[in-house]
file input30.tsv (TSV, C-alpha atoms)
chain	number	residue	atom	x	y	z
M	109	MET	CA	-0.32	-16.92	-46.60
M	110	LYS	CA	-0.35	-20.69	-46.10
M	111	ILE	CA	2.22	-22.33	-43.84
M	112	VAL	CA	2.87	-26.08	-43.93
M	113	VAL	CA	4.55	-27.72	-40.92
M	114	THR	CA	5.94	-31.25	-41.03
M	115	THR	CA	8.32	-33.32	-38.93
M	116	GLU	CA	11.93	-33.63	-40.03
M	117	SER	CA	11.08	-36.96	-41.64
M	118	GLY	CA	8.21	-35.40	-43.61
M	119	GLN	CA	5.21	-36.49	-41.54
M	120	PRO	CA	2.49	-33.78	-41.75
M	121	VAL	CA	1.79	-31.79	-38.57
M	122	GLN	CA	-0.53	-28.96	-39.56
M	123	GLU	CA	-1.33	-26.39	-42.26
M	124	VAL	CA	-2.27	-22.90	-41.14
M	125	THR	CA	-3.01	-19.53	-42.72
M	126	SER	CA	-1.42	-16.39	-41.29
M	127	ASP	CA	-3.57	-13.51	-40.09
M	128	ALA	CA	-3.63	-9.98	-41.53
M	129	LYS	CA	-0.44	-9.11	-39.65
M	130	GLY	CA	1.41	-12.13	-41.03
M	131	THR	CA	1.52	-13.98	-37.70
M	132	TRP	CA	0.68	-17.64	-37.23
M	133	GLU	CA	1.09	-20.37	-34.65
M	134	VAL	CA	1.28	-24.17	-34.78
M	135	PRO	CA	1.26	-26.24	-31.56
M	136	VAL	CA	3.39	-29.40	-31.66
M	137	GLU	CA	3.11	-32.46	-29.46
M	138	LYS	CA	6.77	-32.92	-28.60
M	139	ALA	CA	10.17	-31.26	-28.83
M	140	GLY	CA	12.29	-31.87	-31.90
M	141	LYS	CA	13.25	-30.56	-35.30
M	142	TYR	CA	10.51	-29.55	-37.72
M	143	LYS	CA	10.26	-28.37	-41.31
M	144	VAL	CA	8.27	-25.20	-41.99
M	145	THR	CA	7.39	-24.32	-45.59
M	146	LEU	CA	5.77	-21.14	-46.87
M	147	ASP	CA	3.50	-21.70	-49.86
M	148	VAL	CA	4.80	-18.95	-52.15
M	149	SER	CA	1.71	-19.20	-54.36
M	150	THR	CA	-0.30	-17.65	-51.50
M	151	LEU	CA	1.92	-14.57	-51.23
M	152	PRO	CA	0.66	-11.19	-52.49
M	153	PRO	CA	1.60	-10.85	-56.18
M	154	ASN	CA	4.08	-8.03	-55.53
M	155	LEU	CA	6.06	-9.81	-52.79
M	156	GLN	CA	8.60	-12.62	-52.64
M	157	VAL	CA	10.69	-14.33	-49.95
M	158	ARG	CA	14.01	-12.59	-49.39
M	159	GLY	CA	16.86	-14.88	-50.39
M	160	GLY	CA	14.55	-17.20	-52.32
M	161	SER	CA	14.32	-19.94	-49.65
M	162	ASN	CA	10.77	-20.65	-48.49
M	163	THR	CA	11.74	-23.42	-46.04
M	164	ARG	CA	12.97	-23.22	-42.44
M	165	THR	CA	14.01	-26.06	-40.11
M	166	PRO	CA	13.63	-24.81	-36.51
M	167	THR	CA	14.34	-26.93	-33.44
M	168	VAL	CA	11.60	-26.75	-30.79
M	169	TYR	CA	12.56	-27.31	-27.17
M	170	GLU	CA	10.11	-28.28	-24.46
M	171	GLY	CA	8.50	-25.19	-22.89
M	172	ASN	CA	10.30	-22.82	-25.26
M	173	PRO	CA	8.46	-21.86	-28.50
M	174	ALA	CA	10.54	-21.43	-31.63
M	175	SER	CA	10.08	-18.35	-33.83
M	176	VAL	CA	10.13	-18.82	-37.60
M	177	LEU	CA	10.40	-15.73	-39.78
M	178	PHE	CA	10.03	-15.37	-43.54
M	179	ALA	CA	11.40	-11.98	-44.59
M	180	LEU	CA	9.51	-10.60	-47.57
M	181	GLN	CA	10.58	-8.03	-50.13
M	182	PRO	CA	9.11	-6.46	-53.28
M	183	LYS	CA	9.56	-8.46	-56.45
M	184	THR	CA	12.15	-7.32	-58.94
M	185	ALA	CA	11.26	-6.46	-62.52
M	186	ALA	CA	9.39	-9.24	-64.32
M	187	GLY	CA	9.16	-11.11	-61.01
M	188	ALA	CA	12.77	-12.29	-61.21
M	189	GLU	CA	14.59	-13.46	-58.11
M	190	PRO	CA	17.29	-11.15	-56.75
M	191	GLU	CA	20.75	-11.92	-58.07
M	192	GLN	CA	22.87	-13.80	-55.54
M	193	SER	CA	26.23	-13.15	-57.12
M	194	GLY	CA	28.24	-10.00	-57.02
M	195	GLY	CA	28.03	-9.55	-60.75
M	196	GLY	CA	26.84	-5.96	-60.56
M	197	GLY	CA	23.09	-6.48	-61.01
M	198	SER	CA	20.92	-3.79	-59.51
M	199	ALA	CA	19.00	-6.36	-57.42
M	200	PHE	CA	22.22	-7.46	-55.74
M	201	TRP	CA	23.20	-3.91	-54.80
M	202	GLU	CA	19.69	-3.11	-53.59
M	203	ARG	CA	19.82	-6.17	-51.35
M	204	ALA	CA	23.31	-5.16	-50.16
M	205	ALA	CA	22.00	-1.69	-49.24
M	206	GLN	CA	19.04	-3.20	-47.40
M	207	LEU	CA	21.27	-5.58	-45.43
M	208	THR	CA	23.69	-2.74	-44.62
M	209	PHE	CA	20.82	-0.75	-43.15
M	210	GLU	CA	19.66	-3.77	-41.14
M	211	GLY	CA	23.25	-4.35	-40.00
M	212	LEU	CA	23.52	-0.76	-38.75
M	213	ASN	CA	20.24	-1.17	-36.89
M	214	LEU	CA	21.42	-4.39	-35.24
M	215	GLY	CA	24.87	-2.92	-34.57
M	216	LEU	CA	23.42	0.08	-32.74
M	217	ILE	CA	21.29	-2.18	-30.54
M	218	ILE	CA	24.34	-4.30	-29.72
M	219	ALA	CA	26.34	-1.11	-29.09
M	220	LEU	CA	23.83	0.12	-26.50
M	221	ALA	CA	24.10	-3.14	-24.58
M	222	ALA	CA	27.86	-3.40	-25.10
M	223	LEU	CA	28.45	0.15	-23.85
M	224	GLY	CA	27.10	-0.68	-20.40
M	225	LEU	CA	29.04	-3.94	-20.26
M	226	SER	CA	32.25	-2.19	-21.30
M	227	LEU	CA	31.84	0.60	-18.74
M	228	ILE	CA	31.25	-1.93	-15.94
M	229	TYR	CA	34.27	-3.97	-17.01
M	230	GLY	CA	36.43	-0.86	-17.29
M	231	THR	CA	35.67	0.38	-13.77
M	232	THR	CA	35.41	-2.94	-11.89
M	233	GLY	CA	37.17	-5.55	-14.04
M	234	LEU	CA	34.01	-7.69	-13.89
M	235	THR	CA	33.09	-9.72	-16.96
M	236	ASN	CA	29.36	-9.73	-16.27
M	237	PHE	CA	27.64	-12.72	-17.87
M	238	ALA	CA	24.35	-11.52	-16.39
M	239	HIS	CA	24.37	-8.42	-18.60
M	240	GLY	CA	22.17	-10.15	-21.18
M	241	GLU	CA	19.51	-10.53	-18.50
M	242	LEU	CA	19.59	-6.75	-17.95
M	243	VAL	CA	18.70	-6.43	-21.64
M	244	THR	CA	15.81	-8.87	-21.18
M	245	LEU	CA	14.71	-7.08	-18.00
M	246	GLY	CA	14.24	-3.78	-19.81
M	247	ALA	CA	12.10	-5.34	-22.52
M	248	LEU	CA	9.95	-7.30	-20.08
M	249	LEU	CA	9.44	-4.31	-17.76
M	250	ALA	CA	8.30	-2.19	-20.70
M	251	TYR	CA	6.01	-5.02	-21.83
M	252	ALA	CA	4.50	-5.31	-18.33
M	253	PHE	CA	3.68	-1.60	-18.17
M	254	ASN	CA	2.57	-1.55	-21.81
M	255	THR	CA	0.23	-4.54	-21.93
M	256	GLY	CA	-0.32	-5.29	-18.24
M	257	ILE	CA	-1.17	-1.80	-17.02
M	258	GLY	CA	-2.18	-0.35	-20.38
M	259	LEU	CA	0.35	2.47	-20.72
M	260	HIS	CA	1.44	3.55	-24.16
M	261	LEU	CA	4.82	2.09	-25.10
M	262	ILE	CA	6.69	5.41	-24.88
M	263	PRO	CA	5.93	6.16	-21.18
M	264	ALA	CA	6.17	2.44	-20.43
M	265	ALA	CA	9.67	2.39	-21.93
M	266	LEU	CA	10.73	5.48	-19.96
M	267	ILE	CA	9.54	3.93	-16.70
M	268	ALA	CA	11.28	0.64	-17.56
M	269	VAL	CA	14.59	2.40	-18.26
M	270	ILE	CA	14.39	4.35	-14.97
M	271	LEU	CA	13.54	1.22	-12.99
M	272	ALA	CA	16.31	-0.77	-14.65
M	273	GLY	CA	18.78	2.00	-13.80
M	274	GLY	CA	17.62	1.85	-10.17
M	275	LEU	CA	18.00	-1.92	-10.15
M	276	GLY	CA	21.50	-1.51	-11.58
M	277	TYR	CA	22.35	0.79	-8.68
M	278	ALA	CA	20.83	-1.67	-6.19
M	279	GLN	CA	22.85	-4.54	-7.69
M	280	ASP	CA	26.10	-2.79	-6.92
M	281	ARG	CA	24.96	-1.28	-3.63
M	282	PHE	CA	23.74	-4.51	-2.07
M	283	PHE	CA	25.50	-7.26	-4.03
M	284	TRP	CA	28.54	-6.57	-6.20
M	285	GLY	CA	29.83	-3.83	-3.90
M	286	GLN	CA	29.62	-6.21	-0.94
M	287	LEU	CA	31.61	-8.81	-2.88
M	288	ARG	CA	34.29	-6.22	-3.72
M	289	ARG	CA	34.63	-5.23	-0.06
M	290	ARG	CA	35.03	-8.88	0.87
M	291	GLY	CA	37.94	-9.12	-1.58
M	292	THR	CA	36.22	-11.48	-4.02
M	293	GLY	CA	38.52	-12.17	-6.97
M	294	ILE	CA	37.67	-11.34	-10.58
M	295	ILE	CA	37.38	-15.01	-11.63
M	296	ALA	CA	35.11	-15.81	-8.67
M	297	ALA	CA	32.95	-12.76	-9.43
M	298	MET	CA	32.67	-13.83	-13.08
M	299	ILE	CA	31.46	-17.29	-12.00
M	300	VAL	CA	28.96	-15.64	-9.64
M	301	SER	CA	27.67	-13.57	-12.57
M	302	ILE	CA	26.99	-16.80	-14.51
M	303	GLY	CA	24.91	-18.02	-11.58
M	304	VAL	CA	23.05	-14.70	-11.42
M	305	ALA	CA	22.33	-14.95	-15.16
M	306	ILE	CA	20.87	-18.45	-14.82
M	307	PHE	CA	18.78	-17.41	-11.81
M	308	LEU	CA	17.36	-14.34	-13.54
M	309	ARG	CA	16.72	-16.18	-16.80
M	310	TYR	CA	14.54	-18.80	-15.18
M	311	LEU	CA	12.89	-16.21	-12.95
M	312	PHE	CA	11.85	-14.47	-16.18
M	313	LEU	CA	10.57	-17.82	-17.49
M	314	ILE	CA	8.42	-18.29	-14.38
M	315	LEU	CA	7.04	-14.74	-14.41
M	316	PHE	CA	6.78	-14.14	-18.16
M	317	GLY	CA	6.38	-17.64	-19.57
M	318	GLY	CA	8.09	-19.35	-22.48
M	319	GLN	CA	5.94	-17.84	-25.22
M	320	SER	CA	6.89	-14.99	-27.53
M	321	GLU	CA	5.00	-11.71	-27.17
M	322	ALA	CA	4.96	-8.28	-28.79
M	323	PHE	CA	4.40	-4.71	-27.62
M	324	ALA	CA	0.88	-3.34	-28.03
M	325	GLN	CA	2.07	-0.41	-30.19
M	326	TYR	CA	4.32	-0.24	-33.27
M	327	ASN	CA	3.96	-3.98	-33.76
M	328	ALA	CA	2.94	-4.13	-37.42
M	329	GLN	CA	3.82	-1.04	-39.46
M	330	PRO	CA	3.81	-0.76	-43.24
M	331	GLY	CA	7.27	-0.23	-44.64
M	332	ILE	CA	8.37	2.97	-46.33
M	333	GLN	CA	10.82	3.11	-49.21
M	334	VAL	CA	13.90	5.34	-48.92
M	335	GLY	CA	15.96	4.80	-52.04
M	336	PRO	CA	16.88	1.09	-52.14
M	337	ILE	CA	16.01	0.66	-48.44
M	338	SER	CA	12.63	-0.50	-47.20
M	339	ALA	CA	11.90	-0.34	-43.47
M	340	ALA	CA	9.14	0.42	-41.00
M	341	PRO	CA	9.11	3.98	-39.59
M	342	LYS	CA	9.85	2.60	-36.13
M	343	ASN	CA	13.26	1.40	-37.36
M	344	PHE	CA	14.34	4.90	-38.38
M	345	VAL	CA	13.08	6.40	-35.10
M	346	ALA	CA	14.75	3.66	-33.06
M	347	MET	CA	18.08	4.19	-34.82
M	348	GLY	CA	17.86	7.92	-34.14
M	349	ILE	CA	17.22	7.31	-30.43
M	350	GLU	CA	20.08	4.82	-30.24
M	351	LEU	CA	22.50	7.23	-31.90
M	352	LEU	CA	21.38	10.07	-29.63
M	353	VAL	CA	21.89	8.01	-26.46
M	354	LEU	CA	25.31	6.81	-27.60
M	355	ILE	CA	26.40	10.38	-28.41
M	356	VAL	CA	25.10	11.73	-25.08
M	357	VAL	CA	26.93	9.03	-23.10
M	358	GLY	CA	30.10	9.58	-25.12
M	359	VAL	CA	30.03	13.35	-24.56
M	360	ALA	CA	29.32	12.80	-20.86
M	361	LEU	CA	32.37	10.56	-20.56
M	362	LEU	CA	34.57	13.18	-22.22
M	363	ARG	CA	33.17	16.43	-20.84
M	364	THR	CA	31.49	15.92	-17.47
M	365	ARG	CA	33.20	15.66	-14.11
M	366	THR	CA	31.66	12.25	-13.44
M	367	GLY	CA	32.72	11.01	-16.86
M	368	LYS	CA	36.32	12.09	-16.28
M	369	ALA	CA	36.23	10.43	-12.85
M	370	ALA	CA	34.92	7.22	-14.45
M	371	ARG	CA	37.78	7.23	-16.94
M	372	ALA	CA	40.25	7.82	-14.12
M	373	VAL	CA	38.83	4.87	-12.14
M	374	ALA	CA	39.00	2.71	-15.27
M	375	ASP	CA	42.67	3.63	-15.78
M	376	ASN	CA	43.70	2.89	-12.19
M	377	PRO	CA	41.39	2.94	-9.15
M	378	ALA	CA	44.14	3.44	-6.54
M	379	PRO	CA	45.54	6.75	-7.87
M	380	ALA	CA	41.96	7.87	-8.59
M	381	ALA	CA	41.01	7.27	-4.95
M	382	SER	CA	44.15	9.02	-3.68
M	383	SER	CA	43.27	12.08	-5.77
M	384	GLY	CA	39.94	12.41	-3.93
M	385	ILE	CA	37.60	10.51	-6.26
M	386	ASN	CA	34.93	8.46	-4.49
M	387	VAL	CA	35.52	5.21	-6.37
M	388	ASP	CA	32.47	3.39	-4.97
M	389	ARG	CA	30.20	6.29	-5.91
M	390	VAL	CA	31.58	6.36	-9.46
M	391	ILE	CA	31.11	2.60	-9.85
M	392	ARG	CA	27.51	2.84	-8.67
M	393	ILE	CA	26.81	5.59	-11.19
M	394	ILE	CA	28.30	3.37	-13.89
M	395	TRP	CA	26.09	0.46	-12.80
M	396	THR	CA	23.05	2.74	-12.88
M	397	VAL	CA	23.84	4.03	-16.37
M	398	GLY	CA	24.80	0.54	-17.57
M	399	GLY	CA	21.52	-0.95	-16.34
M	400	ALA	CA	19.48	1.85	-17.91
M	401	ILE	CA	21.04	1.68	-21.38
M	402	ALA	CA	20.97	-2.13	-21.33
M	403	ALA	CA	17.22	-1.87	-20.66
M	404	LEU	CA	16.88	0.57	-23.54
M	405	ALA	CA	18.73	-1.90	-25.78
M	406	GLY	CA	16.24	-4.58	-24.76
M	407	ILE	CA	13.28	-2.35	-25.61
M	408	MET	CA	14.77	-1.53	-29.02
M	409	LEU	CA	15.44	-5.22	-29.62
M	410	GLY	CA	11.83	-5.96	-28.66
M	411	LEU	CA	10.65	-3.47	-31.30
M	412	SER	CA	12.51	-5.33	-34.04
M	413	GLN	CA	11.54	-8.84	-32.95
M	414	ASN	CA	9.19	-10.58	-30.52
M	415	LEU	CA	9.93	-10.58	-26.80
M	416	LYS	CA	10.95	-13.78	-25.04
M	417	PHE	CA	12.73	-14.64	-21.82
M	418	THR	CA	15.96	-15.62	-23.63
M	419	MET	CA	16.29	-12.54	-25.84
M	420	GLY	CA	19.23	-11.13	-23.85
M	421	GLN	CA	20.99	-14.47	-23.73
M	422	ASP	CA	20.58	-14.80	-27.51
M	423	ILE	CA	22.63	-11.65	-28.21
M	424	LEU	CA	25.05	-11.92	-25.26
M	425	LEU	CA	27.74	-13.54	-27.39
M	426	LEU	CA	27.41	-10.73	-29.94
M	427	ILE	CA	27.69	-8.16	-27.14
M	428	PHE	CA	30.91	-9.78	-25.93
M	429	ALA	CA	32.15	-9.91	-29.52
M	430	GLY	CA	31.53	-6.17	-29.96
M	431	VAL	CA	33.23	-5.30	-26.65
M	432	THR	CA	36.23	-7.53	-27.32
M	433	LEU	CA	36.62	-6.46	-30.94
M	434	GLY	CA	36.52	-2.78	-30.02
M	435	GLY	CA	38.78	-3.16	-26.98
M	436	LEU	CA	37.87	-4.32	-23.48
M	437	GLY	CA	36.97	-1.48	-21.16
M	438	THR	CA	36.80	1.22	-23.83
M	439	ALA	CA	33.34	2.73	-24.36
M	440	PHE	CA	34.07	4.00	-27.87
M	441	GLY	CA	35.68	0.68	-28.75
M	442	ALA	CA	32.45	-1.07	-27.78
M	443	LEU	CA	30.55	1.21	-30.18
M	444	VAL	CA	32.92	0.60	-33.09
M	445	GLY	CA	33.20	-3.13	-32.47
M	446	SER	CA	29.43	-3.59	-32.14
M	447	ILE	CA	28.66	-1.78	-35.39
M	448	ILE	CA	31.25	-3.92	-37.21
M	449	VAL	CA	29.71	-7.08	-35.74
M	450	GLY	CA	26.17	-5.99	-36.68
M	451	LEU	CA	27.15	-5.05	-40.21
M	452	PHE	CA	29.09	-8.23	-40.82
M	453	ILE	CA	26.29	-10.44	-39.48
M	454	GLN	CA	23.70	-8.99	-41.87
M	455	VAL	CA	25.82	-8.29	-44.96
M	456	SER	CA	27.46	-11.73	-44.83
M	457	THR	CA	24.09	-13.29	-45.74
M	458	LEU	CA	24.75	-12.11	-49.29
M	459	TRP	CA	27.13	-15.06	-49.54
M	460	VAL	CA	26.48	-17.42	-46.62
M	461	PRO	CA	23.26	-19.04	-45.33
M	462	PRO	CA	21.47	-16.96	-42.67
M	463	GLU	CA	22.00	-19.77	-40.15
M	464	LEU	CA	25.79	-19.19	-40.33
M	465	LYS	CA	25.83	-15.40	-40.14
M	466	SER	CA	26.82	-15.22	-36.45
M	467	VAL	CA	29.59	-17.75	-37.00
M	468	GLY	CA	31.15	-15.47	-39.60
M	469	ALA	CA	31.07	-12.49	-37.25
M	470	LEU	CA	32.87	-14.45	-34.56
M	471	ALA	CA	35.42	-15.64	-37.13
M	472	VAL	CA	36.20	-12.00	-37.94
M	473	LEU	CA	36.60	-11.37	-34.21
M	474	ILE	CA	39.15	-14.17	-33.91
M	475	ILE	CA	41.09	-12.97	-36.97
M	476	VAL	CA	41.27	-9.37	-35.73
M	477	LEU	CA	42.39	-10.41	-32.26
M	478	LEU	CA	45.14	-12.60	-33.71
M	479	PHE	CA	46.75	-9.46	-35.16
M	480	ARG	CA	45.58	-6.90	-32.58
M	481	PRO	CA	44.90	-8.62	-29.24
M	482	GLN	CA	43.93	-5.38	-27.49
M	483	GLY	CA	41.09	-4.76	-29.94
M	484	ILE	CA	40.58	-1.94	-32.42
M	485	LEU	CA	40.66	0.98	-29.93
M	486	GLY	CA	42.25	-0.85	-26.98
M	487	ARG	CA	45.68	0.07	-25.69
M	488	ARG	CA	48.66	-2.22	-25.44
M	489	GLU	CA	49.51	-3.09	-21.84
M	490	ARG	CA	52.81	-4.14	-20.43
M	491	ILE	CA	52.70	-7.24	-18.24
M	492	GLY	CA	55.40	-7.79	-15.61
call {"tool": "encode", "arguments": {"input": "input30.tsv", "output": "structure tokens"}}
result
Amino acid sequence: MKIVVTTESGQPVQEVTSDAKGTWEVPVEKAGKYKVTLDVSTLPPNLQVRGGSNTRTPTVYEGNPASVLFALQPKTAAGAEPEQSGGGGSAFWERAAQLTFEGLNLGLIIALAALGLSLIYGTTGLTNFAHGELVTLGALLAYAFNTGIGLHLIPAALIAVILAGGLGYAQDRFFWGQLRRRGTGIIAAMIVSIGVAIFLRYLFLILFGGQSEAFAQYNAQPGIQVGPISAAPKNFVAMGIELLVLIVVGVALLRTRTGKAARAVADNPAPAASSGINVDRVIRIIWTVGGAIAALAGIMLGLSQNLKFTMGQDILLLIFAGVTLGGLGTAFGALVGSIIVGLFIQVSTLWVPPELKSVGALAVLIIVLLFRPQGILGRRERIG
């Protein structure tokens, strides 16, 4: 496939041809906005660009490569473009089914990350802006073991999740726990978390670099067709793993002694402590679990897109949207809210440009909170 890159004003930069995996790269001399056009005449005869638009206008920042993706799909009968209106054409409903599947996939990834954030907020009251960096950490650790040491992605991912859980424990043991004992307020702790996020983000940039990378395995898989849905096998496996982890954590919260203690601490730490619950121990377990599942979310996100040092930051706003929509501090609310956000982001592209899909999701968040400030599964609280 031929790719043509020009400046925003139309000055030619370079023409390249993608490799067998569909990847390509164009170096540019300076930061700025560029126009990237896919020559549709060079596509395989049975494929077309999803949505019909073969032009992208990415903004490239210094030291931070921009990723440009052209989603492809099988051509409809007689090579016609998919219908964009809701008039009932089969192509429209096939596209709606495909986007619903992609929305569920994205929603489950967001839910994994949001679950850890919600549990930490519920037990400590901390709005952790560094949680996105925990997502990035998991992906980069797995990448280091996968491509640096040469382990297969599956054991590399397991090691990364275990290490991220240990780092989550260490964060609370040596940092956040110390701040709590010093009586640091919630607002001050939130501001500290912003500083931690910036520090970690640029530490990742120094260690990993600003380029985009991919795991050594499961990078380019041929899609399989399941009814109207086309997806790589890794997507189905990843969704199964995400659902399994979410169910296991949910059952643990409801059935295990530690889970009940965590819910008691989230309700009110003082009575929980007076009843014999070791509040600090429970919080450290929550930090460990939160760090581990955030790392798993990063690995799953890395399977569906390339890895980069800002990948956690890029979805942090969606994580907060899922947590807030579902109800702050409620684990099941985070799951419900995240799936709604993921679905709306993808399905909304049936009617709005892909560049505006996240804006629509946040608009839904604002509308819901206007009528139900506590979120979907949150509880009303009396103040005063």
call {"tool": "residues_around", "arguments": {"input": "input30.tsv", "residues": "range 148-163 of chain M", "least_positions_apart": "2", "cutoff": "6 Å", "atoms": "all atoms listed in the file", "output": "number ranges by chain"}}
result
M: 109, 144-146, 179-183
call {"tool": "residues_around", "arguments": {"input": "input30.tsv", "residues": "range 369-381 of chain M", "least_positions_apart": "4", "cutoff": "8 Å", "atoms": "only C-alpha atoms", "output": "list in words"}}
result
Gly230, Thr231, Thr232, Leu361, Arg365, Ile385, Asn386, Val387, Val390, Ile391, Ile394 and Gly437 of chain M
call {"tool": "atom_distance", "arguments": {"input": "input30.tsv", "atom1": "CA of Leu404 in chain M", "atom2": "CA of Gly348 in chain M"}}
result
12.9 Å
call {"tool": "closest_residue", "arguments": {"input": "input30.tsv", "among": "M:Phe440, M:Phe237, M:Phe479, M:Tyr326", "to": "Ser301 in chain M", "atoms": "all atoms listed in the file"}}
result
M:Phe237
call {"tool": "residues_around", "arguments": {"input": "input30.tsv", "residues": "range 306-317 of chain M", "least_positions_apart": "4", "cutoff": "12 Å", "atoms": "all atoms listed in the file", "output": "ChimeraX atom specification"}}
result
/M:171-173,237-249,251-252,256,299-302,321,415-422
call {"tool": "closest_residue", "arguments": {"input": "input30.tsv", "among": "M:Thr438, M:Ser456, M:Ser126, M:Ser466", "to": "Tyr229 in chain M", "atoms": "all atoms listed in the file"}}
result
M:Thr438
call {"tool": "axis_aligned_box", "arguments": {"input": "input30.tsv", "around": "range 440-450 of chain M", "padding_each_side": "4 Å", "output": "lines of an AutoDock Vina configuration file"}}
result
center_x = 30.9
center_y = -1.5
center_z = -32.5
size_x = 17.5
size_y = 19.1
size_z = 17.4
call {"tool": "residues_around", "arguments": {"input": "input30.tsv", "residues": "Glu123 in chain M", "least_positions_apart": "2", "cutoff": "7 Å", "atoms": "only C-alpha atoms", "output": "list in words"}}
result
Lys110, Ile111, Val112 and Val113 of chain M
call {"tool": "closest_residue", "arguments": {"input": "input30.tsv", "among": "M:Gly434, M:Pro461, M:Gly303, M:Gly331", "to": "Phe344 in chain M", "atoms": "only C-alpha atoms"}}
result
M:Gly331
call {"tool": "residues_around", "arguments": {"input": "input30.tsv", "residues": "Val467 in chain M", "least_positions_apart": "5", "cutoff": "12 Å", "atoms": "all atoms listed in the file", "output": "MDAnalysis selection string"}}
result
chainID M and resid 425:426 429 449 452:454 456:457 460:462 472:474
call {"tool": "closest_residue", "arguments": {"input": "input30.tsv", "among": "M:Leu275, M:Ile217, M:Glu202, M:Pro341", "to": "Asn327 in chain M", "atoms": "all atoms listed in the file"}}
result
M:Pro341
call {"tool": "closest_residue", "arguments": {"input": "input30.tsv", "among": "M:Gly430, M:Gly483, M:Gly318, M:Gly450", "to": "Leu223 in chain M", "atoms": "all atoms listed in the file"}}
result
M:Gly430
call {"tool": "decode", "arguments": {"input": "input30.tsv", "residues": "range 215-227 of chain M", "atoms": "N, CA and C atoms", "output": "PDB file, in the first residue's frame"}}
result
ATOM      1  N   GLY M 215     -13.861  -1.168  26.347  1.00  0.00           N
ATOM      2  CA  GLY M 215     -14.479  -0.984  27.658  1.00  0.00           C
ATOM      3  C   GLY M 215     -13.909  -1.916  28.712  1.00  0.00           C
ATOM      4  N   LEU M 216     -13.611  -3.158  28.334  1.00  0.00           N
ATOM      5  CA  LEU M 216     -13.038  -4.102  29.294  1.00  0.00           C
ATOM      6  C   LEU M 216     -11.619  -3.710  29.689  1.00  0.00           C
ATOM      7  N   ILE M 217     -10.851  -3.175  28.731  1.00  0.00           N
ATOM      8  CA  ILE M 217      -9.507  -2.696  29.063  1.00  0.00           C
ATOM      9  C   ILE M 217      -9.588  -1.523  30.029  1.00  0.00           C
ATOM     10  N   ILE M 218     -10.485  -0.580  29.733  1.00  0.00           N
ATOM     11  CA  ILE M 218     -10.674   0.568  30.628  1.00  0.00           C
ATOM     12  C   ILE M 218     -11.149   0.091  31.995  1.00  0.00           C
ATOM     13  N   ALA M 219     -12.033  -0.919  32.005  1.00  0.00           N
ATOM     14  CA  ALA M 219     -12.569  -1.428  33.273  1.00  0.00           C
ATOM     15  C   ALA M 219     -11.472  -2.018  34.147  1.00  0.00           C
ATOM     16  N   LEU M 220     -10.529  -2.745  33.542  1.00  0.00           N
ATOM     17  CA  LEU M 220      -9.422  -3.293  34.323  1.00  0.00           C
ATOM     18  C   LEU M 220      -8.646  -2.186  35.019  1.00  0.00           C
ATOM     19  N   ALA M 221      -8.309  -1.139  34.253  1.00  0.00           N
ATOM     20  CA  ALA M 221      -7.561  -0.026  34.839  1.00  0.00           C
ATOM     21  C   ALA M 221      -8.415   0.732  35.843  1.00  0.00           C
ATOM     22  N   ALA M 222      -9.693   0.933  35.520  1.00  0.00           N
ATOM     23  CA  ALA M 222     -10.573   1.703  36.398  1.00  0.00           C
ATOM     24  C   ALA M 222     -10.857   0.974  37.701  1.00  0.00           C
ATOM     25  N   LEU M 223     -10.855  -0.356  37.662  1.00  0.00           N
ATOM     26  CA  LEU M 223     -11.137  -1.127  38.878  1.00  0.00           C
ATOM     27  C   LEU M 223     -10.092  -0.845  39.951  1.00  0.00           C
ATOM     28  N   GLY M 224      -8.812  -0.864  39.554  1.00  0.00           N
ATOM     29  CA  GLY M 224      -7.759  -0.567  40.516  1.00  0.00           C
ATOM     30  C   GLY M 224      -7.861   0.851  41.046  1.00  0.00           C
ATOM     31  N   LEU M 225      -8.120   1.809  40.156  1.00  0.00           N
ATOM     32  CA  LEU M 225      -8.253   3.201  40.572  1.00  0.00           C
ATOM     33  C   LEU M 225      -9.415   3.380  41.542  1.00  0.00           C
ATOM     34  N   SER M 226     -10.530   2.707  41.248  1.00  0.00           N
ATOM     35  CA  SER M 226     -11.707   2.825  42.104  1.00  0.00           C
ATOM     36  C   SER M 226     -11.473   2.202  43.480  1.00  0.00           C
ATOM     37  N   LEU M 227     -10.802   1.054  43.513  1.00  0.00           N
ATOM     38  CA  LEU M 227     -10.517   0.409  44.802  1.00  0.00           C
ATOM     39  C   LEU M 227      -9.599   1.281  45.664  1.00  0.00           C
TER      40      LEU M 227
END
